[in-house]
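Below is one structure, written out as structure tokens, with a few remarks after it.
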Amino acid sequence: MNKYTLFKIIRLLISYFILIIMAIFSIFPLYYVFMTSFSNAPNLISLSISDLFPKHLHLTAYKELLSANLYGGNFPLWVRNSLILASSTAIISVFLALITGYALSRLDIPAKKILAIFIYIVTFFPYTATAVPLYLLFAKLHLLNYIGLILAYTPGTSIFAAFIAKLSIDSIPSSYEEIAMIDGLSRFGAFLRIVMRLALPVVVLTAILGFSGAYLDFALAYAFLLPNVKEWTATIGLYYLAGLLNPASAPAYNIFAAGAVLMGIPLTALFIVSQKMMTRAYSNLAGVKQ
Amino acid sequence: MSYVKLEDVWKWYKNKNKVTEVLKGVNLDIEKGEFVVILGPSGEGKTTILKIISGLLKQDKGHVYLRGKIVDDVPPKDRNVAMVPQNYALYPFMSVFDNIAFPLKVSHTPKEEIKKRVVEVAKMLRIDDLLDRKPSQLSGGQMQRVAIARALVKGADIILMDEPLSNLDAQVRVLAREELKQLQRELKSTIIYVTHDQVEALSLASKLAILHDGIIQAYGDPKEIYNNPNNAWVGKFLGNPPMNVIKGSVNGDSIIIYDYRIPLPERFKGIVKDGQDVLIGIRPEDLFISDKGVLEGEVAMVEDLGPYTILHVKIGDETVRVFEKSFIRKERNEKVKLDVNVNKIVLFDPKSERNLLLLTGIGNGKK
Amino acid sequence: MSYVKLEDVWKWYKNKNKVTEVLKGVNLDIEKGEFVVILGPSGEGKTTILKIISGLLKQDKGHVYLRGKIVDDVPPKDRNVAMVPQNYALYPFMSVFDNIAFPLKVSHTPKEEIKKRVVEVAKMLRIDDLLDRKPSQLSGGQMQRVAIARALVKGADIILMDEPLSNLDAQVRVLAREELKQLQRELKSTIIYVTHDQVEALSLASKLAILHDGIIQAYGDPKEIYNNPNNAWVGKFLGNPPMNVIKGSVNGDSIIIYDYRIPLPERFKGIVKDGQDVLIGIRPEDLFISDKGVLEGEVAMVEDLGPYTILHVKIGDETVRVFEKSFIRKERNEKVKLDVNVNKIVLFDPKSERNLLLLTGIGNGKK
Amino acid sequence: TSHPSKTTVTTTVPSTITTTTTSVPLNTSNPQDLMELVGLTSPPSTPVTITVWDSYSTSENQAFNQTLAQFEKEFPWIHVEVTYGVGVGTSQFETAAKADQAPIVYRDTSDSGGALFASGLVLNLSQYLPPSITSLYLPTAIHDWELNGSLYGLPDDINYIVMFYNKKFVPYPPNTTQQLIQIAEQVNSTYHIWGIAYGASDEYGYRFAAWFAGYDGQIFTTMNGQVYPDLNTTAMVEALQFWYNLTYVYKVNYLAPSTGAGGVEGQLFIANKTAIIFDGPWDLDAYLQALGPNLGAAPLPVVSQTGLRAEPFIGSTGWLIASPQASGASPLQIKAALIFILYVTNYQSDLRLWNIAHDIPANAQAYNTAIAELNAGELKPSYLNSIMKGILEQAKYGQKFPNIPQMAYYWNSFHEYASEFFAGKISAQQAAQGMEQAFVQALVQNGLLSSINLPPPPLPTLSTYVLILSAILSPLVIDRRWKI
Amino acid sequence: MRKDKLFSFFYILPILVVTVILFVFPLVYSVYISFTNLSLFHFFKYSFIGIENYILIFKYGYFNTLLINTLIWTLGSLITMMALGFFLALILNQRDLKGKSIFYAILILPWAFPGFISLLIWQGLWVDPYGMMNRLILPLLHLPPVNSLTSTKDAWIELIVTNDWLSFPYFMTVFYSALQSIPRELYEIAELDGASTFQKFFRITLPSLKRTIAFVFITSFVFTWNNFYPIFVLTGGGPGISTETFIVYAYEEAFDYNNFALAAAWSNISTLIIIILAIIVIKYTHILDNIAG
Ligand SMILES: Nc1ncnc2c1ncn2[C@@H]1O[C@H](COP(=O)(O)OP(=O)(O)OP(=O)(O)O)[C@@H](O)[C@H]1O
Ligand SMILES: Nc1ncnc2c1ncn2[C@@H]1O[C@H](COP(=O)(O)OP(=O)(O)OP(=O)(O)O)[C@@H](O)[C@H]1O
Ligand SMILES: [Mg+2]
Ligand SMILES: [Mg+2]
């Protein structure tokens, strides 16, 4: 008993020790962002350890960020744009991923496996190389707008998520949809109302990945949305307000950090709220059936 | 007029260039208000049949008729059948109420109406106090009743049930079986019930269909099939403990089994020839331990199962099971004499294993 | 000397500030070489008992002795017991050989030795041709045998089995049961076997323990418990169909049931007082349909289950089940007379529901 | 040999400029004159829209927005669609041009503009405007916008780096590198802070070009009529060595990972942790805020070894018009665009930039006004006058920013080898040799240099092949047990 | 039957359309461009020049250096962050550990926070000797300072540690999720059989997770191979080109040199290499069988 419990206590102590260290490691840079956002100097490297605990918290960066107005464009508006864009992307990614996962898992499609591998392999082509051709194509199609952006954002998340969704749907007995179909839903209706609900962890995961991908993107949004200030996303606005778009001016990191904090809050909340789902989403990857 | 009819239904599954033929011409003719049990071993296509009837699967050949109309191209939602699937498939994220209400909700029934009908059905199945629970908070028996309630609530008069009791505890299963029987009597709906458990099949069926090798091996009154199985396989499959099927040969008016001789049953006279080899099917309950017994053997094993005992008796090379109420007790290795209820004996052709009565076209399992 | 002993074992689970007491003082004394079946309804703590014996769980109170030594502080790996878990828990990524070899590998047995012993055990269980397969390629029965092989290979002489047959088809289960019985006879190991299926319990146990409400309700020879259950619950739980327990009262040398009168069994004379209310336990197989019967009732339902029939007979307010071999047939609503095997009757106290024989300290379920 | 980068050295800025009068009116502040200048007599009946890419910083935009409002009032028939937040550099413009999304008007640096002009994406203004237009701008600035005798843009500012110093630590601005070292050493020993912070390894060669020039180096030479890189010289070796010594031998220079006020260099300067940095006036605001009256600015010192001044690039930013092929603009739109770029570089507009964002005016008249203001000490706070004087002083000692297309390939070649040198991985000679070779290679790959025998690429070592092969084959040797 | 298949096809159609637009078209475009001389100076009129760009790359380019760098970057990041994520998942998976969800919530913050900011912060943290990494943390751990400007090794450490920080929460989540799907009975029975903690780990945990590991490995291998921002922001590929990868180099070729054709060729080569690597792995491990089958 003593040896047993002693071993257990030591194991737990070591675990907590490591967890605490890692928690500090995780939080430290973010703490830094936080502190930077409350400084009134556009400083990014803290020059002495005492600067880690500033004596005054200034709200200048936040004020500047929230009061800036560029021809009707302002940060709250841009955040709103970003939220709309990101939510739409999330919804469409979820839909795309699950419908594909559903097809891969349940439906009888010729050459399904080859198709799946093809889709998987094609995504190996790097984003940096697809950006320009996409821009050219979307310009031709008059899609240099939110619709185009959403279209461009979705596959990155949903192709990966489709495979996770496939595994998840594999583990859902098909009798759930079947009974729904007998009860009066079409196959698609059963998919929407039953399968999506049962694969909730994957839905949530896909939504979060889709959301954060679109919410945080700069490069593509910048290329697509630049002309109209009122359509900017929060990242474009933030880069602009912090002076990062113009190399010939000193960047205001405190504004940048304040923006990051404001943008980070909804995202972090989203992650934390859905942590239960996140930790279940990948469980089918192990393929217990083997 | 038949209410549900399968006409030469074939179904094959293609899997990695391998084609598995599951159904090879199933014919089934079910009248309104019947409780038909389709009995067959696991993996023989019972669920497949139900799916074809409900429209979830499309047969590769043949036709399905519901209420006299061909429905081959009608999607499941328009066939107006209800189903209790093998694992109940209660939506885990909905309350019992919502589960039962689901078929009504999808057909946009007014809220009031939904509420009324759900409560009504729930009362009938005595689950009206569970309506707020989630499926995970139900016992197996309760889950089953919810699944049945969901099937009943739409008012479909054809109800398909896929081994609804297989997940239940033995104790609960007995109760559930009784409830189900009562229910069907009240509702008078047409129920097609699928199972691989003969006890269930025998106790529930008003008509029994036995599925094996992709076809319906026998269809009719369960007792009749039990007493007069079409072939040795059906005889062995139906009944627990299974029918004893042993080798023997005809000798005049007798059948020779090992060293022993029993009279040839009246109805087989004229059908079998002298000297013909036959398979003799004797139900365990048609064997009796009796000092005047004609067969003699040695007890190989005694299974005392409470209300009854199964004796495994070795006669020559063959072991037969003898079913006795428990008050008759024997020890292992004891010599016993067995009497036979000769009139219940069935003879099969040793090659085709078919019932010799049917082979010659006399009598065919229908009363 | 007892080989496995549980002494006043308590176990409670804490879950979100809610404490569930699962075991409330379990005592069990198992001798070497016995085949003890612990029978109890689902969720009553059977698996918990096995885990406590194996050391995977620690009891919150009480002691566990193995081979005469207290093992409360001995970790599982040093208790030298083997286990066949409820779902077999075969390692899905290992071949059958590796699964069986696992206990030897972790104890660094030489390769040669491992091979020898695995093949030996596999031969014994007739799975030596499956050694290269993965668990997913096995049937239920084969999986069970692999799990048993893995338990046997270390040579532990105490083997714990957790409902090893519950995942099998009814057909296969019968076979598996017979195999298991044979095996124990050969190995002479001490087996503690957990199940909620009485047929299994009755057919396998050399001693039966019935678990309910956190304690062992009865422990002893299965037949004895069957015939003379400690209390009404055990009587009803053990046996399928369950014991009929009906209300009555003592009147001199008779028991009054509804309007009818049956003689008071010999052994209860002197134990019950005149006019005392009792619960009368009668096994379905101890009721006979007979024109000379003392009880009269009306057939409410007939369950014809092939080899036997269960008649539900309504006597006044109570329905009793009557077990008959199938050749006696009755129709619904028919009036029948029932005779009782009076010597088999058990009387219970209506309040405590305990067997009146035991309540007064005479006879206690041990031969 | 002549040096293209030095052929038009007109570094001295005259204190005043007299406008030459011609038959064409050159008052770019007058709407009517502007219309005539582009050949319009009256406003067209239908309004035109021009698209404008604005690469100004936030503070510059304050000035620009005022100008824009003014412009729209004076030219109601021209509708300006402004895209804010555009970055300078060619790539964004090119991608847009490829997609037919190029703006009609664009603001960029003179060197990026040069590359775009060379590739035909930018309008040749000489075909539309009289040559005399150049007289409106400082010669230094306007010459930056000429390539092969053609004008391709109009400047609105000039820019270059200067020496910023902290008066708290530096008694007087060093005039020579000798003094620079001395002062730095003194600062180091007295205040225990860095003498200099210079992001040498983050250098792409913009700042370094000044020191290179101080050692008498030039980026290009002409051989057989072809422009050819000229980095593999003793000037480069010595210039590199000079900074290396400051860093590693005298240990007075902090090798900063990033440059500018936002970089580590500037942050150290702001935090009083270094006495001297070399940076441009665009970062002035940040330093002014932090140091106030302690801030000093002066020209880069004379390189003691050669007696030559360290001469920074005199760069310029200005307005371009996309060629119709790129933007699809109609002739009328081109005219409107011409009016627009003339207007935003006129006296009032440029002066606004000076007043609000302290951009050094490229408009000659605005420049004169600025100088006059400085001389009169009219800037507030008063110490700003001396700082701005120091900054403007540097304009006398600059080198022309080469705006030939070849220049685009200089930056990375320089950076790659300079950073390796400062990391101590190669010698200065190897660095000079390497950067020229890389430069040449890039030019050859891009078709700007031909028939050059490049040295063969180094063969990878055997171990390299073993590594690559084993990486590729590693899945094959995974134990069978791990097969999935 | 045929109608059924057609309907099924509608479910897969959206992803096909999207894949074709977003990946196949750019890929084809890129392959096409790589055989031309499209650049700033051949902007409107470019012509087909065959495989000349590829010859250039192998003749004068940095192919070998970049390949090795890319492998260091990819494998170095991947192995460390998978190990870290796995290790943390194992710690979190202990049944008797309290406060899991709080730790988990903290540990996924790096994943939840805007990455473009995190990278800038890390850039600041690594500044030698002023950043907190070199000032506070490394001295605390008795480790030498890290200066990515003066040492290639340090540059890699900086890149990989930063990338680990950015990505370990993802791997932790995946592995934690997968660990929880291993039936407890497997451990219990092994414990009865006398397996030690290590034996349980190596004989049960690892084999149970090999599918997860393999899938995550390939997917993340590709992602890391193509991941461009950390290098671009932190070291810019320096010192010299010693931390430059294919993707970073291709980016520079396109956006600094405006040589789109050459950049396309670089991207194509890079993609070709991972596709070959991936196909070997996929074919050999059958990893996609249950995912795509
Ligand atoms: N989608 C499918 N693809 C290939 N084979 C299938 C498919 N569905 C079922 N099968 C096979 O068809 C046969 C019949 O399946 P079905 O589910 O109808 O059997 P069942 O009689 O209901 O069995 P059980 O009693 O186990 O439920 C089985 O052998 C099964 O393996
Ligand atoms: N870790 C646990 N935490 C809380 N409650 C538990 C835990 N494990 C078991 N229980 C509860 O303890 C009771 C006994 O569980 P146990 O698994 O021993 O039952 P069982 O008799 O083996 O049931 P079954 O026949 O279904 O296997 C159950 O009600 C169960 O819900
Ligand atoms: Mg089935
Ligand atoms: Mg259990």
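Going through the structure tokens in order, the chains are called A, B, and so on, while each chain numbers its residues from 1 and the ligands are numbered from 1 in the order shown.
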
Exercise for the section: Select the residues contacting ligand 3 at a distance of at most 9 Å, based on only C-alpha atoms and all ligand atoms, then format the selection as a list in words. Expected result: Ser42, Gly43, Glu44, Gly45, Lys46, Thr47, Thr48, Leu50, Pro85, Gln86, Asp162, Glu163, Val194, Thr195 and His196 of chain B

Exercise for the section: Write out as an MDAnalysis selection string each polymer residue whose atoms come within 8 Å of A:Ser26, counting only C-alpha atoms; drop sequence neighbours fewer than 3 positions from it. Expected result: (chainID A and resid 22:23 29:30) or (chainID E and resid 106:110 165)

Practice task
Check the smallest atom-to-atom distance from each of C:Leu125, C:Leu238, C:Ile53, C:Leu168 to ligand 1 using only C-alpha atoms and all ligand atoms, then report the winner.
Solution key: C:Leu168

Exercise for the section: Tell me which protein, DNA and RNA residues are within 8 Å of C:Glu31, counting only C-alpha atoms, leaving out same-chain ones fewer than 6 positions away, and put them as number ranges by chain. Expected result: C: 1-4, 190

Practice task
Excluding E:Trp156 and any residue of its chain fewer than 5 positions from it, enumerate the residues within 12 Å of it, using only C-alpha atoms, and give them as an MDAnalysis selection string.
Solution key: chainID E and resid 69:77 146:151 161:164 230:231 234:239 241:245

So that each row is one residue of chain A with an atom at most 7 Å from chain B, can you give its shortest atom pair and the distance in Å to one decimal, using only C-alpha atoms, rows by chain and rising number, as CSV?
```
residue,atom,partner,partner_atom,distance
A:Ser175,CA,B:Ala89,CA,5.9
A:Tyr176,CA,B:Ala89,CA,5.1
A:Glu178,CA,B:Leu56,CA,6.7
A:Ile179,CA,B:Met83,CA,6.7
A:Met181,CA,B:Lys77,CA,5.6
A:Ile182,CA,B:Lys77,CA,4.9
A:Asp183,CA,B:Pro103,CA,4.7
A:Gly184,CA,B:Lys77,CA,4.1
A:Leu185,CA,B:Lys77,CA,6.0
A:Ser186,CA,B:Lys77,CA,6.8
```

Exercise for the section: Could you please select, counting only C-alpha atoms, the residues of chain A within 6 Å of chain E and state them as a list of chain:residue names? Expected result: A:Ala23, A:Ser26, A:Ile45, A:Leu47, A:Ile99, A:Thr100, A:Ala103, A:Leu107, A:Lys113, A:Ala116, A:Phe125, A:Pro126, A:Thr130, A:Pro133, A:Phe163, A:Gly264, A:Thr268, A:Ile272, A:Thr279, A:Arg280, A:Tyr282, A:Ser283, A:Leu285, A:Ala286
